[in-house]
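Participant: Please see the structure below; I have some questions.
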Amino acid sequence: MRVGDQLLLGCSISLSAVDLMVSVLKMTSSVSKKTKIAIRPVQYRDLEAIEALFSQDSESDRHSCSVTFGRQLQQVRRWYGLLKFLSLFPNPFQHYFCVYVAEEIQQLRGWIQVSPFNSTRSTWRVERVLVDADYPQPELVPGTRGIGSQLLRYCFETIWEARTWLLEVNIHEKTTLALYRQNGFQPLAQMTYWEIEPESLQQLAQHEPDLPNLLPVSNADAHLLYQLDTVSMPPLLRQVFDRHTQDFKTSFLSALIAKLRQWFSHTQVASGYVFEPQRKAAIGYFKLEMCCDRSQPHKAKLSVHPAYTWLYPKLLAQMAQIVQGLPPQSLQLASADYQPEREEYLEQLGASQIEHTLLMSRSVWHKLRETKPLEGIQLSEMLQGLQPARTPIPSRMSWLKSLWQPLTKTAEHKDIPSSQSGLTSPSHRSKDKITSVESPKTSRNGHQV
């Protein structure tokens, strides 16, 4: 074989290989276009895959609410039919398990759980977002969206009543933080979770709380608790939370369901608030959730007026005395970076820090900024909405105007002498006055003045 034939044969082989590679790339691109991610509400067949994703998540062990979610998933499996029926109309369990899943070729790739934060449902909370670790995630590449971003965007577009979104994420989860920051979430406050050991609780219980105005909580005190909640947080947090008096009331059905839940989970709840008679306001509040079978630690919520921070030792001593009748167990509570007095007292008490989280929020302005940049919004475009949409309804004065204008026009077109009519128009009168003023006067001597 000659050298030229060998060259031609090599070129033909290389061209055929290139064509084969191009065809393979086209096939893979067509397959990737066909296999789109489908996002839909959760179904019963998805519960097993959700539990598998939750168990394989390496960071789930650091969440303080992992045990709570495991119990919630067991309850959903047991009462799925009833919960699905209750999600169709307003009730306390309507959004008990509001989950959306991302599916690709009948395989679960990720899921997101959300819930309303307040009674008006103007603020919603992202409980957790989990994605399959084996699936490639282009979250950190600009211009791309992974499954986590698609799940978040689906919730932003589907839940139209949500004006603000809220979430809490561990500061060590860098990938999750990047996901939330990419989708418009901004930090609000840094939270620290503390744990008080049983020995410290026993020492606290020996101190007398000395709280003569400690009262039980009822629906009649909802306005006082709302005022305390409003004054105990910064204005930005107050705006994001958007709580009202109704958020501090408990209906009869909700109270009955809470009692049943406590009976099934072997827990008890105690709450109270400190009333200031001179100011006629609540200055301190606590809610204590106690575990009776030692399966989880006790959990407490505290709200204290910024001018009455000396209540921290007394309220903690009161809670320590309440839990003395139960098996020894630690107590967990949270503090924010805008509560330095609480953090200082917990450090003096010897409480240990178990978790640091970041509270983040996303407002509706991010949605406007994504659809149209704020720099492109002109004042003329904004004022177009203030223009009348239709012709205004005629009033009595407009009818009189429409009748009077033809009469005046016909009177002007008619050439009627003023001597015959006996009437002079105002314009003629003014002309006569001007001519009488401008005409020279003649004195008795014949000189013009």
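Chain labels follow the order of the structure tokens: the first chain is A, the next B, and so on; residue numbering restarts at 1 in every chain, and ligands are counted from 1 in their shown order.
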Considering only C-alpha atoms, return as a ChimeraX atom specification whatever protein or nucleic-acid residues lie within 10 Å of Arg294 (chain A), sequence-local ones (same chain, fewer than 4 positions apart) excluded.
Facilitator: /A:266-267,290,298,326-330
Participant: Selected residues, C-alpha atoms, written as a short mmCIF file (atom, residue, chain, number, x, y, z; two decimals), in the first residue's frame, please.
Facilitator:
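As written to disk, result_34.cif reads:
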data_model
loop_
_atom_site.label_atom_id
_atom_site.label_comp_id
_atom_site.auth_asym_id
_atom_site.auth_seq_id
_atom_site.Cartn_x
_atom_site.Cartn_y
_atom_site.Cartn_z
CA HIS A 266 -44.63 10.92 77.55
CA THR A 267 -44.02 14.65 77.99
CA MET A 290 -40.39 18.03 80.24
CA HIS A 298 -35.98 18.93 78.78
CA LEU A 326 -38.89 13.89 87.35
CA PRO A 327 -35.91 11.61 86.58
CA PRO A 328 -32.65 13.57 86.32
CA GLN A 329 -32.22 15.01 82.84
CA SER A 330 -30.41 17.98 81.29
#
Participant: Could you list, as a list in words, every residue within 10 Å of Phe286 (chain A), counting only C-alpha atoms and ignoring same-chain residues fewer than 5 positions away?
Facilitator: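 After dropping sequence-adjacent residues, the list is Val217, Ala270, Ser271, Gly272, Tyr273, Val274, Ala300, Lys301, Leu302, Ser303, Val304, Leu315, Leu316, Gln318 and Met319 of chain A.
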Participant: May I have the selected residues written with C-alpha atoms, as a CSV table (one decimal), in the first residue's frame?
Facilitator:
chain,number,residue,atom,x,y,z
A,217,VAL,CA,-50.8,31.5,81.0
A,270,ALA,CA,-45.5,23.9,82.2
A,271,SER,CA,-45.7,27.7,81.5
A,272,GLY,CA,-46.1,31.0,83.3
A,273,TYR,CA,-45.4,34.7,83.1
A,274,VAL,CA,-44.3,37.4,85.5
A,300,ALA,CA,-37.2,25.5,77.7
A,301,LYS,CA,-38.2,28.8,76.0
A,302,LEU,CA,-37.5,32.2,77.7
A,303,SER,CA,-38.7,35.7,76.9
A,304,VAL,CA,-37.5,38.5,79.2
A,315,LEU,CA,-36.9,32.0,86.1
A,316,LEU,CA,-34.3,29.3,85.7
A,318,GLN,CA,-38.3,28.2,89.0
A,319,MET,CA,-37.9,25.8,86.1
Participant: Identify, on the basis of only C-alpha atoms, every residue whose closest approach to Leu86 (chain A) does not exceed 12 Å; exclude the query and any residue fewer than 5 positions from it along the same chain; express the result as a ChimeraX atom specification.
Facilitator: /A:79-81,91-98
